[in-house]
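Q: Quick one, work.txt (compact mmCIF, C-alpha atoms and all ligand atoms):
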# COMPACT_ATOMS: atom_id res chain seq x y z
CA MET V 6 85.11 10.98 -96.98
CA GLU V 7 86.71 14.35 -97.37
CA LYS V 8 85.29 17.41 -95.64
CA TYR V 9 86.83 20.85 -95.20
CA GLY V 10 89.86 19.31 -97.00
CA TYR V 11 90.51 16.72 -94.28
CA LYS V 12 91.07 12.99 -94.66
CA PHE V 13 90.76 10.57 -91.75
CA SER V 14 92.42 7.39 -90.58
CA PHE V 15 92.55 5.02 -87.64
CA GLY V 16 94.31 1.75 -86.81
CA PRO V 17 92.80 -1.73 -86.69
CA TRP V 18 93.62 -1.74 -82.94
CA ASN V 19 91.03 1.02 -82.47
CA ILE V 20 88.27 -1.55 -82.86
CA HIS V 21 89.08 -3.80 -79.95
CA GLU V 22 87.93 -6.26 -77.30
CA GLY V 23 88.04 -3.89 -74.34
CA ALA V 24 90.29 -6.06 -72.16
CA ASP V 25 92.24 -4.30 -69.41
CA PRO V 26 94.81 -5.62 -66.89
CA PHE V 27 92.05 -6.34 -64.33
CA GLY V 28 89.42 -8.07 -66.37
CA PRO V 29 88.62 -10.17 -69.40
CA PRO V 30 87.69 -8.91 -72.88
CA VAL V 31 84.13 -7.57 -72.97
CA ARG V 32 83.62 -7.68 -76.73
CA PRO V 33 84.33 -10.42 -79.26
CA SER V 34 87.35 -10.14 -81.57
CA ILE V 35 86.64 -8.60 -84.93
CA SER V 36 88.57 -10.06 -87.87
CA PHE V 37 90.77 -7.87 -90.05
CA ASP V 38 88.37 -8.49 -92.96
CA GLN V 39 85.46 -7.16 -90.90
CA LYS V 40 87.55 -4.15 -89.87
CA LEU V 41 88.40 -3.40 -93.49
CA GLU V 42 84.69 -3.44 -94.22
CA ALA V 43 84.16 -1.01 -91.32
CA TYR V 44 86.67 1.47 -92.81
CA GLN V 45 84.55 1.57 -95.97
CA ARG V 46 81.19 1.59 -94.24
CA LEU V 47 82.23 4.42 -91.91
CA GLY V 48 83.78 6.37 -94.80
CA PHE V 49 87.39 6.55 -93.63
CA ASP V 50 90.18 7.21 -96.10
CA ALA V 51 93.28 5.53 -94.74
CA VAL V 52 94.53 2.72 -92.51
CA GLN V 53 97.28 3.05 -89.92
CA PHE V 54 99.10 -0.27 -89.57
CA HIS V 55 101.35 -1.94 -87.10
CA ASP V 56 103.64 -4.20 -89.11
CA ASP V 57 101.85 -7.27 -87.76
CA ASP V 58 98.40 -5.78 -88.34
CA ALA V 59 99.46 -5.87 -92.00
CA ILE V 60 101.29 -9.22 -91.89
CA PRO V 61 100.34 -11.43 -88.93
CA ASP V 62 103.04 -13.63 -87.33
CA LEU V 63 105.75 -11.50 -88.83
CA ASP V 64 108.54 -12.97 -86.73
CA ASP V 65 108.04 -16.40 -88.28
CA LYS V 66 108.12 -15.19 -91.88
CA SER V 67 110.99 -14.58 -94.31
CA PRO V 68 111.47 -11.15 -95.94
CA ASP V 69 110.33 -12.62 -99.29
CA GLN V 70 107.17 -14.07 -97.79
CA ILE V 71 106.44 -10.74 -96.09
CA VAL V 72 106.74 -8.77 -99.31
CA LYS V 73 104.54 -11.30 -101.12
CA GLU V 74 101.80 -10.96 -98.50
CA ALA V 75 102.16 -7.18 -98.41
CA ARG V 76 101.58 -7.08 -102.19
CA ALA V 77 98.35 -9.02 -101.74
CA LEU V 78 97.28 -6.63 -98.98
CA LYS V 79 98.03 -3.64 -101.23
CA GLN V 80 95.64 -5.06 -103.82
CA ARG V 81 92.95 -5.49 -101.21
CA LEU V 82 93.39 -1.91 -100.04
CA ASP V 83 93.22 -0.68 -103.64
CA ALA V 84 90.03 -2.64 -104.22
CA ALA V 85 88.53 -1.15 -101.04
CA GLY V 86 89.51 2.40 -102.08
CA LEU V 87 91.81 2.74 -99.07
CA VAL V 88 95.44 3.71 -98.64
CA ALA V 89 97.95 2.87 -95.93
CA GLU V 90 98.87 6.03 -94.03
CA PHE V 91 101.83 4.51 -92.19
CA VAL V 92 103.32 1.32 -90.83
CA ALA V 93 104.71 1.10 -87.27
CA PRO V 94 106.94 -1.67 -85.91
CA ARG V 95 105.34 -3.43 -82.95
CA LEU V 96 108.48 -3.92 -80.91
CA TRP V 97 106.90 -4.65 -77.56
CA GLU V 98 105.30 -8.10 -77.84
CA HIS V 99 108.35 -10.34 -78.23
CA PRO V 100 109.65 -11.76 -74.92
CA ILE V 101 113.15 -10.58 -75.78
CA THR V 102 112.08 -6.90 -75.74
CA VAL V 103 110.63 -6.70 -72.20
CA ASP V 104 113.38 -4.26 -71.19
CA GLY V 105 113.26 -2.32 -74.42
CA ALA V 106 114.07 -2.92 -78.07
CA TYR V 107 116.45 -0.31 -79.56
CA THR V 108 117.64 0.69 -76.07
CA SER V 109 117.76 -2.74 -74.44
CA ASN V 110 120.94 -3.62 -72.57
CA ASP V 111 120.79 -6.96 -74.39
CA PRO V 112 122.48 -6.82 -77.82
CA LYS V 113 120.25 -9.68 -79.02
CA ALA V 114 117.16 -7.57 -78.33
CA ARG V 115 118.69 -4.63 -80.18
CA ALA V 116 119.53 -6.85 -83.17
CA TYR V 117 115.95 -8.19 -83.17
CA ALA V 118 114.60 -4.61 -83.14
CA ILE V 119 116.70 -3.63 -86.15
CA GLU V 120 115.78 -6.75 -88.12
CA ARG V 121 112.09 -6.26 -87.31
CA SER V 122 112.30 -2.58 -88.32
CA HIS V 123 113.66 -3.63 -91.71
CA LYS V 124 110.60 -5.83 -92.15
CA THR V 125 108.40 -2.86 -91.25
CA LEU V 126 110.16 -0.72 -93.85
CA ASP V 127 109.72 -3.44 -96.49
CA ILE V 128 106.00 -3.57 -95.72
CA ALA V 129 105.69 0.23 -95.87
CA ASN V 130 107.47 0.25 -99.23
CA THR V 131 105.23 -2.44 -100.64
CA LEU V 132 102.08 -0.74 -99.36
CA GLU V 133 103.38 2.40 -101.10
CA THR V 134 103.29 4.61 -98.07
CA GLY V 135 106.54 6.47 -97.68
CA PHE V 136 105.86 6.83 -93.99
CA VAL V 137 106.77 4.90 -90.85
CA VAL V 138 105.83 5.84 -87.25
CA LEU V 139 107.81 4.86 -84.16
CA TRP V 140 106.16 4.70 -80.78
CA PHE V 141 108.98 3.80 -78.36
CA ALA V 142 106.83 1.62 -76.10
CA ARG V 143 109.40 -0.09 -73.87
CA GLU V 144 112.29 2.33 -74.42
CA GLY V 145 112.67 3.68 -70.91
CA THR V 146 113.07 2.38 -67.38
CA TYR V 147 111.35 1.63 -64.10
CA GLN V 148 114.59 2.29 -62.22
CA ARG V 149 116.71 5.16 -63.47
CA GLU V 150 119.86 3.17 -62.73
CA ALA V 151 118.80 0.25 -64.94
CA LYS V 152 119.99 1.85 -68.19
CA ASP V 153 122.29 4.62 -69.29
CA ALA V 154 119.83 7.31 -70.41
CA ALA V 155 122.42 9.24 -72.45
CA ARG V 156 123.51 6.10 -74.25
CA ALA V 157 119.84 5.29 -74.87
CA VAL V 158 119.48 8.47 -76.93
CA ASP V 159 122.53 7.48 -78.98
CA LEU V 160 121.10 4.01 -79.50
CA LEU V 161 117.80 5.50 -80.70
CA ALA V 162 119.65 7.80 -83.11
CA GLU V 163 121.69 4.84 -84.40
CA ALA V 164 118.50 2.83 -84.94
CA LEU V 165 116.97 5.74 -86.84
CA ASP V 166 120.16 6.11 -88.90
CA ASP V 167 120.00 2.45 -89.80
CA MET V 168 116.37 2.76 -90.91
CA LEU V 169 116.98 5.96 -92.86
CA ALA V 170 119.85 4.25 -94.72
CA TYR V 171 117.92 1.02 -95.31
CA ALA V 172 114.95 2.89 -96.85
CA PRO V 173 116.31 6.02 -98.53
CA ASN V 174 112.89 7.41 -99.46
CA MET V 175 111.11 6.74 -96.19
CA ARG V 176 110.00 9.47 -93.78
CA ILE V 177 109.94 8.47 -90.13
CA ALA V 178 107.83 10.18 -87.45
CA ILE V 179 108.34 9.67 -83.73
CA GLU V 180 105.23 9.45 -81.54
CA PRO V 181 106.36 10.50 -78.05
CA LYS V 182 104.72 9.35 -74.84
CA PRO V 183 106.03 10.07 -71.33
CA ASN V 184 105.03 6.83 -69.55
CA GLU V 185 103.08 3.56 -69.80
CA PRO V 186 104.16 0.87 -70.16
CA MET V 187 107.42 2.23 -68.72
CA ASP V 188 107.51 4.32 -65.55
CA ILE V 189 109.50 6.94 -67.40
CA SER V 190 110.01 6.72 -71.15
CA TYR V 191 112.80 8.14 -73.23
CA ILE V 192 111.64 10.81 -75.74
CA PRO V 193 108.59 11.92 -73.72
CA THR V 194 107.62 15.07 -75.65
CA ILE V 195 107.60 16.62 -79.11
CA GLY V 196 110.65 18.72 -78.26
CA HIS V 197 112.62 15.56 -77.50
CA ALA V 198 111.34 13.93 -80.70
CA VAL V 199 112.28 16.89 -82.91
CA ALA V 200 115.72 17.04 -81.31
CA LEU V 201 116.30 13.32 -81.84
CA GLY V 202 115.56 13.76 -85.54
CA TYR V 203 118.35 16.33 -85.77
CA LYS V 204 120.81 13.80 -84.32
CA THR V 205 120.37 11.53 -87.34
CA ARG V 206 121.94 11.36 -90.80
CA ALA V 207 118.75 12.70 -92.47
CA PRO V 208 116.90 15.19 -90.25
CA GLU V 209 114.76 16.21 -93.23
CA ARG V 210 113.18 12.74 -93.21
CA CYS V 211 112.51 12.74 -89.46
CA GLY V 212 109.25 14.16 -88.13
CA VAL V 213 106.75 13.78 -85.31
CA LEU V 214 103.24 12.56 -84.54
CA VAL V 215 101.40 14.22 -81.64
CA GLU V 216 98.92 12.14 -79.68
CA SER V 217 96.59 14.33 -77.58
CA ALA V 218 96.49 11.91 -74.60
CA HIS V 219 100.27 11.54 -74.55
CA ALA V 220 100.71 15.31 -74.33
CA VAL V 221 98.23 15.47 -71.44
CA LEU V 222 100.09 12.64 -69.67
CA ALA V 223 103.25 14.73 -70.00
CA GLY V 224 101.44 17.64 -68.32
CA LEU V 225 101.50 19.58 -71.59
CA ASP V 226 98.85 21.11 -73.78
CA PRO V 227 98.29 19.04 -76.96
CA ALA V 228 97.63 22.15 -79.09
CA ASP V 229 100.97 23.65 -78.07
CA GLU V 230 102.75 20.36 -78.74
CA MET V 231 101.19 20.40 -82.23
CA ALA V 232 102.20 24.02 -82.68
CA PHE V 233 105.82 23.17 -81.82
CA GLY V 234 105.86 20.41 -84.44
CA LEU V 235 104.24 22.73 -87.00
CA ALA V 236 106.79 25.47 -86.31
CA TYR V 237 109.53 23.01 -87.37
CA ASP V 238 107.42 21.78 -90.29
CA LYS V 239 107.59 18.34 -88.69
CA LEU V 240 104.01 17.59 -87.72
CA TRP V 241 103.32 14.79 -90.17
CA SER V 242 100.46 13.07 -88.37
CA VAL V 243 98.30 13.26 -85.27
CA HIS V 244 96.59 10.82 -82.95
CA LEU V 245 93.57 12.73 -81.76
CA ASN V 246 91.84 11.45 -78.66
CA ASP V 247 91.18 12.64 -75.10
CA GLN V 248 92.45 11.95 -71.62
CA ASN V 249 91.01 12.57 -68.17
CA GLY V 250 94.04 13.69 -66.19
CA LEU V 251 97.18 11.88 -65.16
CA LYS V 252 96.31 8.20 -65.16
CA PHE V 253 96.55 5.31 -67.60
CA ASP V 254 96.40 6.18 -71.28
CA GLN V 255 92.65 6.33 -71.90
CA ASP V 256 92.33 6.97 -75.64
CA ARG V 257 88.88 8.50 -75.07
CA ALA V 258 86.90 9.88 -78.02
CA PHE V 259 88.20 13.24 -79.23
CA GLY V 260 86.70 16.13 -77.28
CA SER V 261 84.82 13.86 -74.87
CA VAL V 262 86.72 15.01 -71.77
CA ASN V 263 87.68 18.59 -72.55
CA LEU V 264 85.94 20.21 -75.49
CA ARG V 265 87.85 23.47 -75.32
CA ARG V 266 91.17 21.64 -75.32
CA ALA V 267 89.95 19.77 -78.40
CA PHE V 268 88.93 23.05 -80.02
CA ASP V 269 92.39 24.49 -79.41
CA GLN V 270 93.92 21.52 -81.22
CA VAL V 271 91.58 21.96 -84.17
CA LEU V 272 92.29 25.70 -84.22
CA VAL V 273 96.06 25.23 -84.42
CA LEU V 274 95.76 22.47 -87.03
CA ASP V 275 93.29 24.36 -89.21
CA ASP V 276 95.02 27.75 -88.95
CA ASN V 277 98.24 26.04 -90.04
CA ARG V 278 96.53 24.22 -92.93
CA PHE V 279 97.21 20.74 -91.60
CA TYR V 280 94.77 19.40 -94.22
CA GLU V 281 97.48 20.08 -96.82
CA LYS V 282 100.15 18.31 -94.79
CA GLY V 283 98.74 15.12 -93.34
CA ILE V 284 95.83 12.85 -92.52
CA VAL V 285 93.85 13.24 -89.29
CA GLY V 286 94.47 10.03 -87.37
CA LEU V 287 92.23 8.96 -84.49
CA ASP V 288 93.79 6.80 -81.77
CA VAL V 289 90.57 6.25 -79.84
CA LYS V 290 89.15 3.24 -78.04
CA ALA V 291 85.50 2.55 -77.23
CA VAL V 292 85.01 2.72 -73.44
CA ARG V 293 85.41 -0.66 -71.87
CA THR V 294 81.74 -1.30 -71.08
CA GLN V 295 80.40 -0.31 -74.51
CA LYS V 296 78.33 -3.12 -76.05
CA PRO V 297 79.71 -4.81 -79.18
CA GLU V 298 76.88 -3.69 -81.47
CA VAL V 299 77.65 -0.02 -80.78
CA ALA V 300 81.44 -0.29 -80.46
CA GLU V 301 82.31 1.84 -83.50
CA LYS V 302 80.70 5.06 -82.27
CA HIS V 303 83.94 6.38 -80.76
CA LEU V 304 85.33 6.61 -84.31
CA ILE V 305 82.34 8.35 -85.86
CA ASN V 306 81.91 10.66 -82.88
CA SER V 307 85.58 11.67 -82.85
CA ARG V 308 85.48 12.52 -86.53
CA ASP V 309 82.19 14.42 -86.21
CA ILE V 310 83.46 16.41 -83.24
CA PHE V 311 86.61 17.26 -85.19
CA LEU V 312 84.58 18.48 -88.16
CA TRP V 313 82.15 20.47 -85.99
CA LEU V 314 85.14 22.11 -84.37
CA VAL V 315 86.63 22.93 -87.78
CA GLU V 316 83.40 24.73 -88.55
CA ARG V 317 83.62 26.54 -85.18
CA ALA V 318 87.27 27.48 -85.85
CA ARG V 319 86.47 28.90 -89.28
CA SER V 320 83.41 30.81 -88.10
CA LEU V 321 85.11 32.32 -85.05
CA ASP V 322 85.04 36.10 -85.28
CA ARG V 323 88.77 36.76 -85.51
CA LYS V 324 88.27 40.52 -85.43
CA VAL V 325 86.53 40.41 -82.07
CA MET V 326 89.09 37.88 -80.88
CA GLN V 327 91.91 40.24 -81.82
CA GLN V 328 90.16 43.13 -80.09
CA CYS V 329 90.06 41.09 -76.86
CA ILE V 330 93.74 40.27 -77.20
CA ASP V 331 94.70 43.88 -77.97
CA ALA V 332 92.68 45.10 -75.00
CA ARG V 333 94.23 42.41 -72.75
CA ASP V 334 90.66 41.50 -71.89
CA TYR V 335 91.17 37.79 -71.39
CA GLU V 336 87.90 37.31 -69.52
CA GLU V 337 86.12 38.53 -72.63
CA LEU V 338 88.30 36.21 -74.73
CA ASP V 339 87.22 33.27 -72.54
CA ARG V 340 83.60 34.29 -72.93
CA LEU V 341 83.92 34.68 -76.70
CA ILE V 342 85.40 31.20 -77.13
CA LEU V 343 82.99 29.50 -74.73
CA GLU V 344 79.93 31.19 -76.19
CA HIS V 345 81.07 30.31 -79.71
CA LEU V 346 81.57 26.68 -78.69
CA MET V 347 78.10 26.53 -77.20
CA THR V 348 76.45 27.87 -80.36
CA ARG V 349 75.88 25.33 -83.13
CA GLY V 350 76.83 26.65 -86.57
C1 LIG R 401 100.15 3.83 -77.40
C2 LIG R 401 100.27 4.42 -78.72
C3 LIG R 401 100.13 3.38 -79.82
C4 LIG R 401 100.67 3.93 -81.12
C5 LIG R 401 100.74 2.89 -82.21
C6 LIG R 401 101.23 3.45 -83.54
O1 LIG R 401 100.04 4.48 -76.40
O2 LIG R 401 99.39 5.48 -78.87
O3 LIG R 401 98.81 2.97 -79.96
O4 LIG R 401 99.90 5.00 -81.55
O5 LIG R 401 101.62 1.89 -81.79
O6 LIG R 401 102.44 4.09 -83.42
MG MG R 402 98.98 6.66 -80.57
As a first step, turn the structure in this file into C-alpha cells.

A:
Amino acid sequence: MEKYGYKFSFGPWNIHEGADPFGPPVRPSISFDQKLEAYQRLGFDAVQFHDDDAIPDLDDKSPDQIVKEARALKQRLDAAGLVAEFVAPRLWEHPITVDGAYTSNDPKARAYAIERSHKTLDIANTLETGFVVLWFAREGTYQREAKDAARAVDLLAEALDDMLAYAPNMRIAIEPKPNEPMDISYIPTIGHAVALGYKTRAPERCGVLVESAHAVLAGLDPADEMAFGLAYDKLWSVHLNDQNGLKFDQDRAFGSVNLRRAFDQVLVLDDNRFYEKGIVGLDVKAVRTQKPEVAEKHLINSRDIFLWLVERARSLDRKVMQQCIDARDYEELDRLILEHLMTRG
C-alpha cells in the first residue's frame, strides 16, 4: 500500500508471543508462513529480516546451503509481491557472544561475528536488497572496566571495514541504542553512528537507522535524531514506535505515548522528503496482554497514525507558523500545533 508516497515495512519479530523476563508467553507462536500472509493481508510493502528470520538455524548451515534457501525465499517474496528492505545479523543469541560479538574480548567470539556477518551479507545479496542494518545488541559493558571502550570503537570500525570489503555494493546502516541488554552500549546515538561510518574505508556506504524508542532512552528527541541523520544524508531507514520514559525498551505503537513527539518525527521526515529516500519501518510490539486474535492492531494503528500525521503535517498553516516564530510567540506556536493536532483533516 502506498499513500502520500510512503511505503511501509516491519519485521517478523513484530508479531510475537508477548513473553517478558518475568512471565511466560501470552500468545501462541505464529509461523513465518502465517506472518508472510499477514504482510499481504495488512497491505505492507516490505519485510525487515534478521538473518535467521530469513534462514532459520543459520549457524548449522553451509554458505552454499544458505544461498540456496535464500533463493527459494526470494521467489516466495516475489510471489507475495513483497521485497526485503534489509537483513540484520542476529549476533546476540549464540552462547559465545554473551559479552559482545564484534567487541568481545574473546577472539573466537569476534571471529564468529565476522563469519556470521558474511552469511548475512550473502542473504542480503540473494534477496536483492543492497542494505544491511546493524543493531549492536551486546556491544557494550555492565562494568566500564570490563572492556577497553576506545578499542571497542576500533573493533567496530574493523568489522564494518570487513563487511564493506566483502560486499562491495552493500550499504550498511547502524541502529544505535544506548542500553538494554547492556547497561551502557557503545554507539548510543545517531551522532556516534554517523561518526563511526566516517572511520571506515567507505563512509559513503555507511548510514543510520533511527528508532524512536532508542532516542527517548538516550534522553534525546527522536525528531532531532532523524534531522541529524538527514542533514548528513544518512537517514536510510527508521524504526518508528513509542516509549514511555526511561525504562525497558517498550516498542509501543507509534504515537501511542506522545502524539506531539510523533508528529514532530513525521514533520521532519515529510519536510525532508523521506518518502523518496527510504521505507517507513515500524518496530512495534503488541502490548503484552493483548489477546492473540487482535494482536496485529499495533501494526495497523502505527501506520494509520503515521499517515494521519502526514496529512496534519501537510495541512499545517506554515504561514501562521512562521508568523509565530518571527514574533517569538512560542505560546501561540504551541497552541497552533496542539489545535491542529486535535482537528481531524
Ligand atoms: C532492539 C532493536 C532490534 C532491531 C533489529 C533490527 O532494541 O530495536 O529489534 O531493530 O534487531 O536491527
Ligand atoms: Mg529497532

Q: Which of these, V:Asp247, V:Asp127, V:Asp339, V:Glu90, has the shortest distance to V:Leu264 once you count all atoms listed in the file?

A: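 Using all atoms listed in the file, the shortest distance to V:Leu264 belongs to V:Asp247.
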
Q: Once you count all atoms listed in the file, which residues end up within 9 Å of ligand LIG 401 (chain R), and could you hand them over as a PyMOL selection string?

A: chain V and resi 16+18-19+53-55+91-95+137-142+179-182+184-186+214+216+218-219+244+254-256+288-289

Q: Which value, in Å to one decimal, gives the distance between atom CA of V:Gly145 and atom CA of V:Tyr191?

A: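 Interatomic distance, atom CA of V:Gly145 to atom CA of V:Tyr191: 5.0 Å.
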
Q: Using all atoms listed in the file, determine which residues lie at most 12 Å from V:Trp313, disregarding the query and same-chain residues fewer than 6 positions distant; provide the list as number ranges by chain.

A: V: 8-9, 259-260, 264, 267-268, 271-272, 306-307, 319-320, 345-350

Q: So that I can see what lies close to V:Asp69, please list as a list in words the residues with an atom at most 12 Å from it, counting all atoms listed in the file and leaving out residues fewer than 6 positions away in the same chain.

A: Leu63, Ala75, Arg76, Lys124, Asp127, Ile128 and Thr131 of chain V

Q: Restricted to C-alpha atoms, what would the selected residues look like written as a short mmCIF file (atom, residue, chain, number, x, y, z; two decimals), keeping the file's coordinate frame?

A:
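Writing the result to selection-v7.cif gives the following:
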data_model
loop_
_atom_site.label_atom_id
_atom_site.label_comp_id
_atom_site.auth_asym_id
_atom_site.auth_seq_id
_atom_site.Cartn_x
_atom_site.Cartn_y
_atom_site.Cartn_z
CA LEU V 63 105.75 -11.50 -88.83
CA ALA V 75 102.16 -7.18 -98.41
CA ARG V 76 101.58 -7.08 -102.19
CA LYS V 124 110.60 -5.83 -92.15
CA ASP V 127 109.72 -3.44 -96.49
CA ILE V 128 106.00 -3.57 -95.72
CA THR V 131 105.23 -2.44 -100.64
#

Q: Between atom CA of V:Leu161 and atom CA of V:Pro68, measure the distance and give it in Å to one decimal.

A: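 Computing it gives 23.4 Å between the two atoms.
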
Q: So, with only C-alpha atoms as the atoms that count, which of V:Gln270, V:Gln328, V:Ser190, V:Asn263 lies closest to V:Leu245?

A: V:Gln270

Q: Can you work out which one of V:Ser217, V:Asp167, V:Val72, V:Lys40 has the shortest atom-to-atom distance to ligand MG 402 (chain R), counting all atoms listed in the file?

A: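 Between V:Ser217, V:Asp167, V:Val72, V:Lys40, the residue approaching ligand MG 402 (chain R) most closely is V:Ser217.
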
Q: Interatomic distance between atom CA of V:Val315 and atom CA of V:Lys252?

A: 28.7 Å

Q: Can I get stretch 127-136 of chain V with all heavy atoms filled in, as a compact mmCIF listing (two decimals), in the frame of the given file?

A:
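The file below, rebuild.txt, is the result:
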# COMPACT_ATOMS: atom_id res chain seq x y z
N ASP V 127 110.09 -2.70 -95.27
CA ASP V 127 109.72 -3.44 -96.49
C ASP V 127 108.20 -3.40 -96.70
O ASP V 127 107.72 -3.23 -97.82
CB ASP V 127 110.16 -4.91 -96.39
CG ASP V 127 111.68 -5.07 -96.47
OD1 ASP V 127 112.36 -4.11 -96.87
OD2 ASP V 127 112.17 -6.17 -96.11
N ILE V 128 107.47 -3.58 -95.61
CA ILE V 128 106.00 -3.57 -95.72
C ILE V 128 105.53 -2.17 -96.15
O ILE V 128 104.70 -2.03 -97.05
CB ILE V 128 105.34 -3.97 -94.38
CG1 ILE V 128 105.71 -5.40 -94.02
CG2 ILE V 128 103.83 -3.81 -94.44
CD1 ILE V 128 105.35 -5.80 -92.58
N ALA V 129 106.09 -1.14 -95.53
CA ALA V 129 105.69 0.23 -95.87
C ALA V 129 105.96 0.51 -97.35
O ALA V 129 105.13 1.09 -98.06
CB ALA V 129 106.42 1.24 -94.98
N ASN V 130 107.13 0.07 -97.82
CA ASN V 130 107.47 0.25 -99.23
C ASN V 130 106.46 -0.43 -100.13
O ASN V 130 105.97 0.17 -101.09
CB ASN V 130 108.84 -0.40 -99.51
CG ASN V 130 109.92 0.64 -99.62
OD1 ASN V 130 109.68 1.74 -100.13
ND2 ASN V 130 111.09 0.32 -99.13
N THR V 131 106.13 -1.66 -99.78
CA THR V 131 105.23 -2.44 -100.64
C THR V 131 103.82 -1.88 -100.60
O THR V 131 103.10 -1.91 -101.60
CB THR V 131 105.24 -3.93 -100.20
OG1 THR V 131 106.59 -4.34 -100.03
CG2 THR V 131 104.56 -4.82 -101.20
N LEU V 132 103.42 -1.33 -99.45
CA LEU V 132 102.08 -0.74 -99.36
C LEU V 132 102.06 0.68 -99.95
O LEU V 132 101.05 1.37 -99.93
CB LEU V 132 101.59 -0.70 -97.91
CG LEU V 132 101.37 -2.06 -97.23
CD1 LEU V 132 100.82 -1.86 -95.82
CD2 LEU V 132 100.41 -2.94 -98.04
N GLU V 133 103.23 1.09 -100.44
CA GLU V 133 103.38 2.40 -101.10
C GLU V 133 103.02 3.57 -100.21
O GLU V 133 102.45 4.56 -100.65
CB GLU V 133 102.60 2.43 -102.42
CG GLU V 133 103.22 1.51 -103.46
CD GLU V 133 102.42 1.42 -104.76
OE1 GLU V 133 101.73 2.40 -105.07
OE2 GLU V 133 102.52 0.37 -105.43
N THR V 134 103.32 3.43 -98.92
CA THR V 134 103.29 4.61 -98.07
C THR V 134 104.76 4.92 -97.78
O THR V 134 105.52 4.05 -97.41
CB THR V 134 102.53 4.41 -96.76
OG1 THR V 134 102.81 5.52 -95.90
CG2 THR V 134 102.91 3.13 -96.03
N GLY V 135 105.14 6.11 -97.95
CA GLY V 135 106.54 6.47 -97.68
C GLY V 135 106.73 6.89 -96.23
O GLY V 135 107.54 7.75 -95.92
N PHE V 136 105.97 6.27 -95.32
CA PHE V 136 105.86 6.83 -93.99
C PHE V 136 105.83 5.73 -92.93
O PHE V 136 105.00 4.80 -93.01
CB PHE V 136 104.56 7.65 -93.95
CG PHE V 136 104.38 8.54 -92.76
CD1 PHE V 136 105.46 9.01 -92.02
CD2 PHE V 136 103.11 8.92 -92.36
CE1 PHE V 136 105.28 9.84 -90.93
CE2 PHE V 136 102.91 9.76 -91.27
CZ PHE V 136 104.01 10.21 -90.55
